[in-house]
file run_3.txt (compact mmCIF, N, CA and C atoms)
# COMPACT_ATOMS: atom_id res chain seq x y z
N MET A 1 13.16 -17.32 -3.34
CA MET A 1 12.55 -16.01 -3.14
C MET A 1 11.22 -16.19 -2.41
N THR A 2 10.99 -15.38 -1.40
CA THR A 2 9.76 -15.46 -0.64
C THR A 2 8.62 -14.81 -1.43
N PRO A 3 7.47 -15.50 -1.52
CA PRO A 3 6.35 -14.90 -2.27
C PRO A 3 5.81 -13.69 -1.53
N ARG A 4 5.45 -12.67 -2.29
CA ARG A 4 4.90 -11.45 -1.71
C ARG A 4 3.39 -11.59 -1.67
N LEU A 5 2.82 -11.24 -0.52
CA LEU A 5 1.38 -11.37 -0.34
C LEU A 5 0.72 -10.01 -0.28
N ASP A 6 -0.50 -9.98 -0.69
CA ASP A 6 -1.33 -8.79 -0.62
C ASP A 6 -2.69 -9.26 -0.12
N TYR A 7 -3.65 -8.39 -0.05
CA TYR A 7 -4.97 -8.81 0.40
C TYR A 7 -6.06 -8.05 -0.33
N ARG A 8 -7.23 -8.65 -0.34
CA ARG A 8 -8.42 -8.05 -0.92
C ARG A 8 -9.38 -7.78 0.23
N TRP A 9 -9.92 -6.58 0.33
CA TRP A 9 -10.83 -6.16 1.39
C TRP A 9 -12.25 -6.33 0.87
N ASN A 10 -13.02 -7.23 1.48
CA ASN A 10 -14.34 -7.60 0.99
C ASN A 10 -15.49 -7.07 1.85
N LEU A 11 -15.29 -6.01 2.60
CA LEU A 11 -16.33 -5.51 3.50
C LEU A 11 -17.60 -5.15 2.73
N ARG A 12 -17.45 -4.46 1.63
CA ARG A 12 -18.63 -4.03 0.87
C ARG A 12 -19.45 -5.23 0.38
N GLN A 13 -18.78 -6.28 -0.10
CA GLN A 13 -19.47 -7.46 -0.59
C GLN A 13 -20.17 -8.21 0.55
N VAL A 14 -19.49 -8.31 1.71
CA VAL A 14 -20.08 -9.00 2.86
C VAL A 14 -21.30 -8.23 3.36
N MET A 15 -21.19 -6.89 3.39
CA MET A 15 -22.33 -6.08 3.79
C MET A 15 -23.51 -6.29 2.84
N ALA A 16 -23.25 -6.31 1.55
CA ALA A 16 -24.31 -6.49 0.55
C ALA A 16 -24.98 -7.85 0.71
N ALA A 17 -24.20 -8.87 1.01
CA ALA A 17 -24.76 -10.20 1.21
C ALA A 17 -25.68 -10.25 2.43
N ARG A 18 -25.47 -9.31 3.37
CA ARG A 18 -26.30 -9.24 4.58
C ARG A 18 -27.42 -8.20 4.43
N GLY A 19 -27.57 -7.64 3.23
CA GLY A 19 -28.64 -6.68 2.98
C GLY A 19 -28.32 -5.26 3.42
N MET A 20 -27.04 -4.99 3.65
CA MET A 20 -26.62 -3.64 4.05
C MET A 20 -25.95 -2.99 2.83
N PHE A 21 -26.62 -2.01 2.25
CA PHE A 21 -26.10 -1.41 1.01
C PHE A 21 -25.59 0.02 1.20
N ALA A 22 -25.83 0.61 2.34
CA ALA A 22 -25.38 1.99 2.59
C ALA A 22 -24.41 1.99 3.76
N THR A 23 -23.41 2.87 3.67
CA THR A 23 -22.45 2.97 4.77
C THR A 23 -23.13 3.49 6.03
N THR A 24 -24.22 4.22 5.87
CA THR A 24 -24.94 4.75 7.04
C THR A 24 -25.62 3.62 7.83
N ASP A 25 -25.79 2.45 7.23
CA ASP A 25 -26.33 1.30 7.95
C ASP A 25 -25.33 0.77 8.98
N LEU A 26 -24.06 0.95 8.70
CA LEU A 26 -23.00 0.39 9.53
C LEU A 26 -22.66 1.26 10.74
N ALA A 27 -22.73 2.56 10.59
CA ALA A 27 -22.29 3.49 11.65
C ALA A 27 -23.01 3.25 12.98
N PRO A 28 -24.35 3.17 13.05
CA PRO A 28 -24.99 2.98 14.36
C PRO A 28 -24.66 1.63 14.98
N LEU A 29 -24.43 0.62 14.17
CA LEU A 29 -24.08 -0.70 14.69
C LEU A 29 -22.68 -0.68 15.31
N LEU A 30 -21.78 0.09 14.70
CA LEU A 30 -20.44 0.25 15.29
C LEU A 30 -20.53 1.02 16.60
N THR A 31 -21.35 2.05 16.63
CA THR A 31 -21.52 2.87 17.84
C THR A 31 -22.07 2.02 18.99
N GLN A 32 -23.00 1.12 18.70
CA GLN A 32 -23.54 0.22 19.73
C GLN A 32 -22.45 -0.62 20.36
N ARG A 33 -21.38 -0.88 19.63
CA ARG A 33 -20.29 -1.70 20.13
C ARG A 33 -19.11 -0.86 20.63
N GLY A 34 -19.33 0.43 20.81
CA GLY A 34 -18.32 1.30 21.38
C GLY A 34 -17.30 1.83 20.39
N ILE A 35 -17.56 1.71 19.11
CA ILE A 35 -16.65 2.21 18.07
C ILE A 35 -17.23 3.51 17.54
N GLU A 36 -16.56 4.61 17.84
CA GLU A 36 -17.00 5.94 17.40
C GLU A 36 -16.20 6.35 16.17
N LEU A 37 -16.82 6.30 15.01
CA LEU A 37 -16.19 6.73 13.77
C LEU A 37 -17.07 7.78 13.11
N SER A 38 -16.44 8.74 12.46
CA SER A 38 -17.21 9.74 11.72
C SER A 38 -17.81 9.09 10.47
N SER A 39 -18.77 9.77 9.86
CA SER A 39 -19.39 9.20 8.66
C SER A 39 -18.37 9.03 7.54
N SER A 40 -17.41 9.96 7.43
CA SER A 40 -16.39 9.82 6.39
C SER A 40 -15.44 8.66 6.68
N GLN A 41 -15.15 8.40 7.96
CA GLN A 41 -14.30 7.26 8.31
C GLN A 41 -15.00 5.94 7.99
N VAL A 42 -16.29 5.86 8.28
CA VAL A 42 -17.06 4.65 7.96
C VAL A 42 -17.10 4.46 6.45
N TYR A 43 -17.32 5.54 5.72
CA TYR A 43 -17.35 5.47 4.25
C TYR A 43 -16.04 4.92 3.70
N ARG A 44 -14.90 5.48 4.18
CA ARG A 44 -13.59 5.02 3.72
C ARG A 44 -13.34 3.56 4.10
N LEU A 45 -13.81 3.16 5.28
CA LEU A 45 -13.64 1.79 5.74
C LEU A 45 -14.35 0.82 4.79
N VAL A 46 -15.52 1.21 4.32
CA VAL A 46 -16.31 0.34 3.44
C VAL A 46 -15.80 0.39 2.00
N VAL A 47 -15.51 1.56 1.50
CA VAL A 47 -15.22 1.75 0.08
C VAL A 47 -13.75 1.49 -0.26
N GLU A 48 -12.84 1.89 0.61
CA GLU A 48 -11.41 1.76 0.33
C GLU A 48 -10.82 0.57 1.07
N ARG A 49 -9.65 0.18 0.66
CA ARG A 49 -8.92 -0.90 1.31
C ARG A 49 -8.07 -0.30 2.43
N PRO A 50 -8.35 -0.63 3.69
CA PRO A 50 -7.58 -0.03 4.78
C PRO A 50 -6.16 -0.59 4.85
N GLU A 51 -5.21 0.29 5.11
CA GLU A 51 -3.82 -0.15 5.31
C GLU A 51 -3.57 -0.49 6.78
N ARG A 52 -4.28 0.18 7.67
CA ARG A 52 -4.22 -0.09 9.10
C ARG A 52 -5.65 -0.22 9.60
N LEU A 53 -5.85 -1.15 10.53
CA LEU A 53 -7.19 -1.37 11.05
C LEU A 53 -7.07 -1.78 12.51
N SER A 54 -7.80 -1.10 13.37
CA SER A 54 -7.83 -1.44 14.78
C SER A 54 -8.46 -2.82 14.96
N LEU A 55 -7.90 -3.61 15.86
CA LEU A 55 -8.48 -4.92 16.13
C LEU A 55 -9.87 -4.80 16.72
N LYS A 56 -10.12 -3.73 17.47
CA LYS A 56 -11.47 -3.52 18.02
C LYS A 56 -12.48 -3.29 16.90
N VAL A 57 -12.09 -2.52 15.89
CA VAL A 57 -12.97 -2.28 14.75
C VAL A 57 -13.18 -3.58 13.99
N LEU A 58 -12.11 -4.34 13.77
CA LEU A 58 -12.23 -5.62 13.07
C LEU A 58 -13.16 -6.57 13.82
N MET A 59 -12.99 -6.67 15.13
CA MET A 59 -13.85 -7.56 15.92
C MET A 59 -15.30 -7.10 15.89
N ALA A 60 -15.53 -5.79 15.91
CA ALA A 60 -16.90 -5.27 15.82
C ALA A 60 -17.51 -5.61 14.46
N LEU A 61 -16.75 -5.48 13.39
CA LEU A 61 -17.25 -5.83 12.05
C LEU A 61 -17.60 -7.31 11.96
N LEU A 62 -16.75 -8.15 12.53
CA LEU A 62 -17.02 -9.59 12.51
C LEU A 62 -18.29 -9.91 13.27
N ASP A 63 -18.51 -9.22 14.39
CA ASP A 63 -19.70 -9.43 15.20
C ASP A 63 -20.95 -8.92 14.48
N ILE A 64 -20.88 -7.71 13.94
CA ILE A 64 -22.02 -7.10 13.24
C ILE A 64 -22.45 -7.94 12.06
N LEU A 65 -21.47 -8.38 11.27
CA LEU A 65 -21.77 -9.09 10.02
C LEU A 65 -21.86 -10.60 10.20
N ASP A 66 -21.59 -11.07 11.42
CA ASP A 66 -21.63 -12.49 11.73
C ASP A 66 -20.85 -13.29 10.68
N CYS A 67 -19.58 -12.90 10.52
CA CYS A 67 -18.73 -13.54 9.52
C CYS A 67 -17.37 -13.83 10.14
N SER A 68 -16.51 -14.47 9.39
CA SER A 68 -15.15 -14.76 9.85
C SER A 68 -14.18 -13.77 9.21
N MET A 69 -12.97 -13.77 9.72
CA MET A 69 -11.94 -12.88 9.18
C MET A 69 -11.63 -13.22 7.72
N GLU A 70 -11.71 -14.49 7.37
CA GLU A 70 -11.45 -14.91 5.99
C GLU A 70 -12.48 -14.34 5.02
N ASP A 71 -13.70 -14.07 5.52
CA ASP A 71 -14.72 -13.47 4.67
C ASP A 71 -14.37 -12.01 4.33
N LEU A 72 -13.79 -11.30 5.29
CA LEU A 72 -13.47 -9.88 5.10
C LEU A 72 -12.12 -9.66 4.42
N ILE A 73 -11.13 -10.45 4.81
CA ILE A 73 -9.76 -10.25 4.33
C ILE A 73 -9.33 -11.49 3.56
N GLU A 74 -9.15 -11.33 2.26
CA GLU A 74 -8.78 -12.45 1.39
C GLU A 74 -7.34 -12.28 0.94
N PRO A 75 -6.45 -13.20 1.33
CA PRO A 75 -5.06 -13.09 0.87
C PRO A 75 -4.94 -13.37 -0.62
N VAL A 76 -4.12 -12.58 -1.30
CA VAL A 76 -3.86 -12.77 -2.73
C VAL A 76 -2.37 -12.55 -2.99
N ALA A 77 -1.88 -13.09 -4.08
CA ALA A 77 -0.48 -12.89 -4.47
C ALA A 77 -0.31 -11.46 -4.98
N ALA A 78 0.76 -10.82 -4.56
CA ALA A 78 1.04 -9.45 -4.99
C ALA A 78 1.58 -9.45 -6.41
N ALA A 79 1.34 -8.37 -7.11
CA ALA A 79 1.89 -8.19 -8.46
C ALA A 79 3.39 -8.09 -8.35
N GLY A 80 4.11 -8.86 -9.12
CA GLY A 80 5.57 -8.95 -9.00
C GLY A 80 6.34 -7.71 -9.35
N ALA A 81 6.49 -7.41 -10.62
CA ALA A 81 7.39 -6.34 -11.06
C ALA A 81 6.73 -4.98 -11.08
N ALA A 82 5.45 -4.89 -10.80
CA ALA A 82 4.76 -3.61 -10.92
C ALA A 82 5.28 -2.58 -9.94
N GLY A 83 5.71 -3.01 -8.75
CA GLY A 83 6.13 -2.05 -7.75
C GLY A 83 7.61 -1.68 -7.81
N LYS A 84 8.41 -2.32 -8.66
CA LYS A 84 9.84 -2.06 -8.71
C LYS A 84 10.14 -0.89 -9.62
N LYS A 85 11.04 -0.05 -9.17
CA LYS A 85 11.43 1.10 -9.98
C LYS A 85 12.61 0.73 -10.86
N ARG A 86 12.64 1.31 -12.04
CA ARG A 86 13.74 1.04 -12.97
C ARG A 86 14.41 2.35 -13.35
N THR A 87 15.68 2.26 -13.65
CA THR A 87 16.44 3.43 -14.06
C THR A 87 16.22 3.66 -15.56
N ALA A 88 16.79 4.72 -16.10
CA ALA A 88 16.64 5.03 -17.52
C ALA A 88 17.23 3.93 -18.40
N SER A 89 18.23 3.20 -17.88
CA SER A 89 18.83 2.12 -18.67
C SER A 89 18.03 0.84 -18.60
N GLY A 90 16.92 0.82 -17.81
CA GLY A 90 16.08 -0.36 -17.72
C GLY A 90 16.44 -1.27 -16.57
N GLU A 91 17.48 -0.93 -15.80
CA GLU A 91 17.87 -1.75 -14.67
C GLU A 91 17.05 -1.35 -13.45
N GLU A 92 16.92 -2.30 -12.50
CA GLU A 92 16.21 -1.99 -11.28
C GLU A 92 17.03 -1.03 -10.44
N ALA A 93 16.34 -0.03 -9.89
CA ALA A 93 17.02 0.95 -9.04
C ALA A 93 17.16 0.38 -7.64
N GLY A 94 18.37 0.41 -7.12
CA GLY A 94 18.60 -0.05 -5.76
C GLY A 94 18.48 1.10 -4.79
N VAL A 95 18.57 0.80 -3.51
CA VAL A 95 18.46 1.83 -2.48
C VAL A 95 19.56 2.86 -2.65
N GLY A 96 20.75 2.41 -3.00
CA GLY A 96 21.87 3.34 -3.16
C GLY A 96 21.63 4.35 -4.26
N ASP A 97 20.88 3.97 -5.27
CA ASP A 97 20.58 4.89 -6.37
C ASP A 97 19.58 5.97 -5.95
N LEU A 98 18.83 5.71 -4.90
CA LEU A 98 17.80 6.65 -4.48
C LEU A 98 18.27 7.60 -3.39
N ARG A 99 19.43 7.37 -2.84
CA ARG A 99 19.94 8.24 -1.79
C ARG A 99 20.55 9.51 -2.38
N PRO A 100 20.44 10.61 -1.65
CA PRO A 100 21.04 11.84 -2.17
C PRO A 100 22.57 11.73 -2.13
N ARG A 101 23.21 12.46 -3.02
CA ARG A 101 24.67 12.46 -3.06
C ARG A 101 25.21 13.49 -2.08
N ARG A 102 26.34 13.18 -1.51
CA ARG A 102 26.98 14.07 -0.55
C ARG A 102 27.50 15.31 -1.28
N ALA A 103 27.24 16.46 -0.68
CA ALA A 103 27.69 17.72 -1.28
C ALA A 103 29.21 17.85 -1.14
N ARG A 104 29.83 18.42 -2.16
CA ARG A 104 31.28 18.67 -2.11
C ARG A 104 31.49 20.17 -1.91
N ILE A 105 32.39 20.47 -1.02
CA ILE A 105 32.68 21.87 -0.74
C ILE A 105 33.91 22.27 -1.57
N ALA A 106 33.73 23.28 -2.41
CA ALA A 106 34.82 23.75 -3.24
C ALA A 106 35.61 24.81 -2.48
N LYS A 107 36.90 24.72 -2.57
CA LYS A 107 37.77 25.68 -1.91
C LYS A 107 37.83 26.95 -2.74
N VAL A 108 37.58 28.09 -2.12
CA VAL A 108 37.57 29.36 -2.82
C VAL A 108 38.86 30.11 -2.47
N ASP A 109 39.61 30.55 -3.49
CA ASP A 109 40.84 31.32 -3.27
C ASP A 109 40.50 32.78 -3.13
N ASP A 110 41.07 33.43 -2.13
CA ASP A 110 40.84 34.87 -1.93
C ASP A 110 41.89 35.69 -2.59

call {"tool": "encode", "arguments": {"input": "run_3.txt", "output": "structure tokens"}}
result
Amino acid sequence: MTPRLDYRWNLRQVMAARGMFATTDLAPLLTQRGIELSSSQVYRLVVERPERLSLKVLMALLDILDCSMEDLIEPVAAAGAAGKKRTASGEEAGVGDLRPRRARIAKVDD
């Protein structure tokens, strides 16, 4: 079985290590590098774990914080059974169990 990987987003910790404690500290530095993000987008980038990230934004962050990708993105093992769905009988639900059933047309006598 192939191990499932996940990641930990460490932007907030790396910023703190560089003396940057507010998300508003990051926005003008991104703008200087041609990255235009709203204040709410910068906030989410710092506080939440991004599922998608532009390589331009990533490269700007690495430049601003003078760090490596390993400092920002830390690979970790994913939780095994937490994401699997189970049926009422306790068995794992397969894809076939999640698909809708085909409707049957009943013949009506006139």

call {"tool": "select_by_dssp", "arguments": {"input": "run_3.txt", "residues": "segment 46-79 of chain A", "states": "strand (DSSP E or B)", "output": "PDB file with N, CA and C atoms, in the coordinates of the input"}}
result
ATOM      1  N   ILE A  73     -11.130 -10.450   4.810  1.00  0.00           N
ATOM      2  CA  ILE A  73      -9.760 -10.250   4.330  1.00  0.00           C
ATOM      3  C   ILE A  73      -9.330 -11.490   3.560  1.00  0.00           C
ATOM      4  N   GLU A  74      -9.150 -11.330   2.260  1.00  0.00           N
ATOM      5  CA  GLU A  74      -8.780 -12.450   1.390  1.00  0.00           C
ATOM      6  C   GLU A  74      -7.340 -12.280   0.940  1.00  0.00           C
ATOM      7  N   PRO A  75      -6.450 -13.200   1.330  1.00  0.00           N
ATOM      8  CA  PRO A  75      -5.060 -13.090   0.870  1.00  0.00           C
ATOM      9  C   PRO A  75      -4.940 -13.370  -0.620  1.00  0.00           C
ATOM     10  N   VAL A  76      -4.120 -12.580  -1.300  1.00  0.00           N
ATOM     11  CA  VAL A  76      -3.860 -12.770  -2.730  1.00  0.00           C
ATOM     12  C   VAL A  76      -2.370 -12.550  -2.990  1.00  0.00           C
ATOM     13  N   ALA A  77      -1.880 -13.090  -4.080  1.00  0.00           N
ATOM     14  CA  ALA A  77      -0.480 -12.890  -4.470  1.00  0.00           C
ATOM     15  C   ALA A  77      -0.310 -11.460  -4.980  1.00  0.00           C
TER      16      ALA A  77
END

call {"tool": "residues_around", "arguments": {"input": "run_3.txt", "residues": "Arg4 of chain A", "least_positions_apart": "3", "cutoff": "7 Å", "atoms": "only N, CA and C atoms", "output": "JSON, numbers by chain"}}
result
{"A": [1, 76, 77, 78, 79]}

call {"tool": "atom_distance", "arguments": {"input": "run_3.txt", "atom1": "atom CA of Asn10 of chain A", "atom2": "atom N of Leu37 of chain A"}}
result
19.9 Å

call {"tool": "atom_distance", "arguments": {"input": "run_3.txt", "atom1": "atom C of Leu29 of chain A", "atom2": "atom N of Tyr7 of chain A"}}
result
25.6 Å

call {"tool": "residues_around", "arguments": {"input": "run_3.txt", "residues": "segment 41-56 of chain A", "least_positions_apart": "5", "cutoff": "6 Å", "atoms": "only N, CA and C atoms", "output": "list in words"}}
result
Trp9, Leu11, Arg12, Thr23 and Leu61 of chain A

call {"tool": "atom_distance", "arguments": {"input": "run_3.txt", "atom1": "atom CA of Gln13 of chain A", "atom2": "atom CA of Leu72 of chain A"}}
result
8.6 Å

call {"tool": "closest_residue", "arguments": {"input": "run_3.txt", "among": "A:Pro75, A:Leu65, A:Ser40, A:Ala103", "to": "Val14 of chain A", "atoms": "all atoms listed in the file"}}
result
A:Leu65

call {"tool": "closest_residue", "arguments": {"input": "run_3.txt", "among": "A:Leu30, A:Met20, A:Ile35, A:Leu5", "to": "Ile64 of chain A", "atoms": "only C-alpha atoms"}}
result
A:Leu30
